[in-house]
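Visitor: My structure is below; once you've seen it, I'll send some questions.
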Amino acid sequence: MDYLKTIRGRLLIAALLLPIGARAQWLNYPDPGIPRLKDGKPNPSAPVPHSADGKPDLTGVWIHERTTTAEFKRIYGSSYEAESKAALIGMELESVHKYGINIFADLKPGELPLRPEAEALMKQRAAERRVDNVCHGEYGWPVAGLLAEPFKIVQAPKVTLILYEVDNLRRQVFTDGRDFPATFEFPAYLGYSTGRWEGDTFVVESRGFNDRTPLDAIGHPRSEAMHVTERFHRRDFGHLDTEMTFDDPQLYSRKFTVKVAYGLVPDNDIFEMFCTQNEKDRIHMVK
Amino acid sequence: MITPMRIIRLVVFLGVPAAAQWLNLPTPGIPRTGDGKPDLFATAPKTSGGKPDFSGMWIPRDVLTCNSQERGVQCTELPLTPQVVNFAAGLKDGLPYQAWAADLFKSRSKDVAYIDPHMRCMPPNFPRAWAFPETVKIFQMPTQLVILHEFNATYRQIFFDGRKLPEDMLPTWNGYSIAHWEGDTLVVESAGYRDDSWLDTAGNFFSSEARVTERIRRPNFGSLDIDVTVDDPKVFTKPWTVALHMRPLVDTEMIDFMCQDNNKDLQHLVR
C-alpha cells in the first residue's frame, strides 16, 4: 500500500517515541501479591483477584499483545519488508499495536466509515504538520495505550486511575456515580470518563474530548462530539481483554469497535517517559 | 532579582484556567461547618489502617500579595507562591551553594526565563511541582501514593510496599520515591534525579547526586505540611530544609492543562 510511504514520517516519530522507559529501574522487583508457579514464575492463569468491594481488581501493569509479523505483512503487503528494514532494534513495527498505527487496520479501503469531513481533515493536517514540533499534537488517547509502552491501572475507591508510560499521561475514571455535565466547557485531550460494572466487566464511558489529537499514527481525526465506550474484562490473572467502541457521527458514518488484548507485566512498573525530554530528533526530520 | 517583566512572562506561561469540568460537584464525606463550608480545622481523615489519609486535591496555601513590583500586571490571575520564584524563600541566607554552584546559579540570572526547562514545557518535577499554581491530587492506596498533577496531565508514584531505592537509576525528572511511616508522618525518600532540573524560576537547582526527603503531615483536615530536605554534597555545603504548606480544594475537579498546547511564548522570549 502506497499510503505506508506517506505515513513513514509519522511512524518514524512513533518509533522514536517508543523505547525510552520500559527497560528500567525497578525491573524484576518481585510483587508479593502475584500468584506463582512452583518454579517461582508468575502464574498468568491464576484466578482474577478481587477488590474489597467484591469486584474484579484490574490493578496492574499491562502491555498489549503484539500484533504478529504475519498480520503486519497481511496489512502492509510488500511495503512491510522495507519498513521493517528501516526499523532500529527495539523499535520494530511489531512493538506498536496495529490499531496504534491505523485504527481501521482490519478494513479494506472501500469499507472505511470516514465522512468527507474526516478525509478533508486528514489531508489538511498532513499538509500543515510541523516537523519542528514532533512532541505536540501527535499522541494522546487512545494511541498512548497502543504504542510500545505499558500502562498501569490503579483501582482506587470511587476512581480508577489509568497511568500511561507514554508521556506519563493519565486518566481518571470516576466510579462515584457522577453523571456527565450537559456541556463540556473545556474539552480535554484525554476526555472525561465515568465507569460502572456490568457483571465482571468494567464499562467506561468517555466524552468531552477535544479534537486535537488523532485516533492513530496515520491521523484519523476525532471531533468534540466523540463518545467512546470501553469494556475491560480481566480474563484471568495475566490477561485483560478490552474493546473500544467509537461513536463520532460528525466524522464517521457509523460506530466502529476494536478489540485489544493486554498481558500483565509482572514484577515491573511503568517508568518516566516524556517526549519533550532531551528531544533531539526534530532537527534531523524532513517532510 | 525578580523583575516585573520576568514575572509577566512567568504569568503568561503559567496562565491556566483554574476552572474545571465538574467544577461544582460537591465533594461527599468531608467535614463541613454549619454554613456548609469545609471545616478546615476538623480532624484529619484516617485510612482503615489508622494512618492519616492525604487523599484529595491540594494547592499551595501561601501566595504572593498582589503587588505589581513583585508580581507584575497580571497579579490577580494566579495564586503564585513564594516558592515558585524562589524555592529557598524563608531561608535567611538562601541555599548553601558550593562556590561553583553559586556561580552557575548567578550565571542564569540574565536569561533565566529563556533557559528554564519549565518554560519549555518540561515535566512538573517534584519537589518544585508542589509550588506550582496548578492542582495536585493525591490518591493514597495501601502500598503507594499516586499524585496527579494538572500540568501536562501527568503523575508521580511513591511506593511504601517495602521496596528499596534501586541501585542503578536512570536519571528522571521526578526521581524514584519510596516512603515509610514515622508516627503520623509519611517520610518520602527520593533519588535518581536529572542534572538539569530546576527548583524554581530563579534557576535554583540540585544535581543527580541529590537525596530528597519529604516529610508529609496532615495536622488537620485543611492542612498538608511538607518539609523538603535536600542533601546534595555535589552542589551544597550542607543539607537544607524548606517548609511547604498546601490547602485543600473541594467541591471541584482537576482539568487537564497541556503546556505544549498552542504554546506561543517560546518564540517571543528574549534573552
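Letters for chains follow the order of the C-alpha cells (A, B, ...), residue numbers begin at 1 for each chain, and ligand numbers begin at 1 in the order shown.
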May I have the residues within 12 Å of Pro52 (chain B) as a compact mmCIF listing (two decimals) with C-alpha atoms, in the first residue's frame, using only C-alpha atoms and disregarding those fewer than 6 positions away in the same chain?
Guide:
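As written to disk, out-v4.txt reads:
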# COMPACT_ATOMS: atom_id res chain seq x y z
CA THR B 43 -9.68 16.17 62.46
CA ALA B 44 -7.65 14.79 59.56
CA PRO B 45 -9.25 11.73 57.99
CA LYS B 46 -7.65 8.33 58.60
CA GLN B 140 -3.46 7.14 48.98
CA MET B 141 -3.52 3.42 48.30
CA PRO B 142 -2.43 0.73 50.80
CA TRP B 181 5.65 6.00 58.24
CA GLU B 182 7.12 7.62 61.33
CA GLY B 183 4.06 8.02 63.52
CA ASP B 184 1.64 10.18 61.54
CA THR B 185 4.36 11.47 59.22
CA LEU B 186 4.99 9.88 55.85
CA ILE B 216 4.42 14.91 54.83
CA ARG B 217 1.88 15.54 57.61
CA ARG B 218 -1.80 16.36 57.72
CA PRO B 219 -2.31 18.03 61.10
CA ASN B 220 -5.99 18.67 60.38
CA PHE B 221 -8.45 18.43 57.52
CA SER B 223 -3.57 21.43 56.12
CA LEU B 224 -0.92 19.41 54.35
Visitor: Using only C-alpha atoms, which chain A residues lie at most 10 Å away from chain B, written as number ranges by chain?
Guide: A: 21, 23-27, 29-32, 133, 135-137, 154-157, 159, 161, 163-165, 167-172, 176, 178-181, 183-192, 208, 212, 270-278
Visitor: Restricting the calculation to only C-alpha atoms, which member of A:Thr242, A:Ile218, A:Glu71, A:Arg231 is positioned closest to Arg129 (chain A)?
Guide: A:Ile218
Visitor: Using Å and a single decimal, report how far CA of Leu107 (chain A) sits from CA of Ser79 (chain A).
Guide: 17.3 Å
Visitor: List the spatial neighbours of Pro266 (chain A) as a list in words - criterion: any atom at most 12 Å away, only C-alpha atoms, same-chain residues fewer than 3 positions off excluded.
Guide: Trp26, Leu27, Asn28, Tyr29, Pro30, Asp31, Pro32, Gly33, Ile34, Pro35, Arg36, Gly40, Lys41, Pro42, Asn43, Pro44, Thr59, Gly60, Val61, Trp62, Ile63, Pro150, Lys152, Phe237, Gly238, His239, Gly263, Asp269 and Ile270 of chain A
Visitor: When distances are computed from only C-alpha atoms, which of B:Arg32, B:Lys137, B:Lys110, B:Lys51 shows the smallest separation from Thr252 (chain B)?
Guide: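 Residue with the minimum atom-to-atom distance to Thr252 (chain B): B:Lys137.
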Visitor: Write down as an NGL selection string the residues of region 6-224 of chain B whose backbone DSSP state falls under strand (DSSP E).
Guide: :B and (56-60 or 136-140 or 144-149 or 154-159 or 176-182 or 185-191 or 211-220 or 223-224)
Visitor: As a count of residues only, please: every residue in region 84-125 of chain B that DSSP puts in helix (DSSP H, G or I).
Guide: 22
Visitor: Between CA of Gly54 (chain A) and CA of Val203 (chain A), what is the spacing in Å?
Guide: 16.1 Å
Visitor: Rounded to one decimal place, report the CA of Ala118 (chain A)-CA of Thr245 (chain A) distance in Å.
Guide: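 Straight-line distance from CA of Ala118 (chain A) to CA of Thr245 (chain A) works out to 17.5 Å.
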Visitor: Find the spatial neighbours of region 89-102 of chain B, counting only C-alpha atoms, within a cut-off of 9 Å - ignore same-chain residues fewer than 2 positions away - and output them as a ChimeraX atom specification.
Guide: /B:82-83,85-87,104-107,204-205,233-243
Visitor: What would the file look like if the residues just selected were written as an mmCIF file, in the first residue's frame with N, CA and C atoms?
Guide:
data_model
loop_
_atom_site.group_PDB
_atom_site.id
_atom_site.type_symbol
_atom_site.label_atom_id
_atom_site.label_comp_id
_atom_site.auth_asym_id
_atom_site.auth_seq_id
_atom_site.Cartn_x
_atom_site.Cartn_y
_atom_site.Cartn_z
ATOM 1 N N PRO B 82 5.494 32.026 46.957
ATOM 2 C CA PRO B 82 6.882 32.479 47.092
ATOM 3 C C PRO B 82 7.866 31.448 46.539
ATOM 4 N N GLN B 83 7.533 30.153 46.706
ATOM 5 C CA GLN B 83 8.484 29.114 46.295
ATOM 6 C C GLN B 83 8.549 28.937 44.779
ATOM 7 N N VAL B 85 8.961 31.344 42.690
ATOM 8 C CA VAL B 85 10.015 32.238 42.233
ATOM 9 C C VAL B 85 11.311 32.088 43.023
ATOM 10 N N ASN B 86 11.241 31.467 44.192
ATOM 11 C CA ASN B 86 12.445 31.220 44.988
ATOM 12 C C ASN B 86 12.170 30.068 45.939
ATOM 13 N N PHE B 87 12.653 28.897 45.578
ATOM 14 C CA PHE B 87 12.354 27.710 46.396
ATOM 15 C C PHE B 87 12.925 27.864 47.800
ATOM 16 N N LEU B 104 27.171 29.120 38.933
ATOM 17 C CA LEU B 104 26.227 28.661 37.916
ATOM 18 C C LEU B 104 24.856 29.300 38.123
ATOM 19 N N PHE B 105 24.431 29.330 39.386
ATOM 20 C CA PHE B 105 23.134 29.946 39.701
ATOM 21 C C PHE B 105 23.130 31.415 39.263
ATOM 22 N N LYS B 106 24.191 32.119 39.608
ATOM 23 C CA LYS B 106 24.253 33.548 39.231
ATOM 24 C C LYS B 106 24.274 33.718 37.713
ATOM 25 N N SER B 107 24.961 32.842 37.036
ATOM 26 C CA SER B 107 25.089 32.986 35.583
ATOM 27 C C SER B 107 23.753 32.848 34.873
ATOM 28 N N ASN B 204 17.446 28.156 40.805
ATOM 29 C CA ASN B 204 17.982 27.288 41.854
ATOM 30 C C ASN B 204 17.887 25.836 41.390
ATOM 31 N N PHE B 205 18.803 25.011 41.852
ATOM 32 C CA PHE B 205 18.865 23.649 41.300
ATOM 33 C C PHE B 205 19.514 22.691 42.287
ATOM 34 N N PRO B 233 25.678 16.623 48.245
ATOM 35 C CA PRO B 233 27.063 17.045 48.514
ATOM 36 C C PRO B 233 27.794 17.537 47.280
ATOM 37 N N LYS B 234 27.247 17.287 46.104
ATOM 38 C CA LYS B 234 27.892 17.781 44.891
ATOM 39 C C LYS B 234 27.647 19.280 44.703
ATOM 40 N N VAL B 235 26.499 19.763 45.210
ATOM 41 C CA VAL B 235 26.079 21.138 44.928
ATOM 42 C C VAL B 235 26.126 22.034 46.169
ATOM 43 N N PHE B 236 25.811 21.469 47.333
ATOM 44 C CA PHE B 236 25.649 22.297 48.534
ATOM 45 C C PHE B 236 26.716 21.962 49.583
ATOM 46 N N THR B 237 26.927 22.906 50.481
ATOM 47 C CA THR B 237 27.897 22.691 51.557
ATOM 48 C C THR B 237 27.290 21.924 52.719
ATOM 49 N N LYS B 238 25.954 21.907 52.773
ATOM 50 C CA LYS B 238 25.263 21.180 53.849
ATOM 51 C C LYS B 238 23.815 20.943 53.416
ATOM 52 N N PRO B 239 23.130 19.980 54.031
ATOM 53 C CA PRO B 239 21.711 19.780 53.717
ATOM 54 C C PRO B 239 20.886 20.998 54.133
ATOM 55 N N TRP B 240 19.781 21.206 53.464
ATOM 56 C CA TRP B 240 18.893 22.314 53.818
ATOM 57 C C TRP B 240 17.445 21.865 53.738
ATOM 58 N N THR B 241 16.579 22.589 54.451
ATOM 59 C CA THR B 241 15.171 22.213 54.535
ATOM 60 C C THR B 241 14.288 23.441 54.321
ATOM 61 N N VAL B 242 13.250 23.280 53.519
ATOM 62 C CA VAL B 242 12.225 24.324 53.390
ATOM 63 C C VAL B 242 10.876 23.719 53.740
ATOM 64 N N ALA B 243 9.981 24.562 54.245
ATOM 65 C CA ALA B 243 8.645 24.110 54.640
ATOM 66 C C ALA B 243 7.618 24.588 53.617
#
Visitor: Using only C-alpha atoms, which of the listed residues (A:Ala120, A:Met244, A:Leu37, A:Ala46) sits closest to Ala261 (chain A)?
Guide: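 Using only C-alpha atoms, Ala261 (chain A) sits closest to A:Met244.
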Visitor: Just want the 10 Å neighbourhood of Arg115 (chain A), counted on only C-alpha atoms, with same-chain residues fewer than 6 positions away dropped. Output as a list in words.
Guide: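 With the cut-off at 10 Å, the set is Pro249, Gln250, Leu251, Tyr252, Ser253 and Arg254 of chain A.
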Visitor: List the neighbours of Thr135 (chain B) out to 6 Å using only C-alpha atoms; skip same-chain residues closer than 6 positions along the sequence, and give me the result as a PyMOL selection string.
Guide: chain B and resi 58-59+150
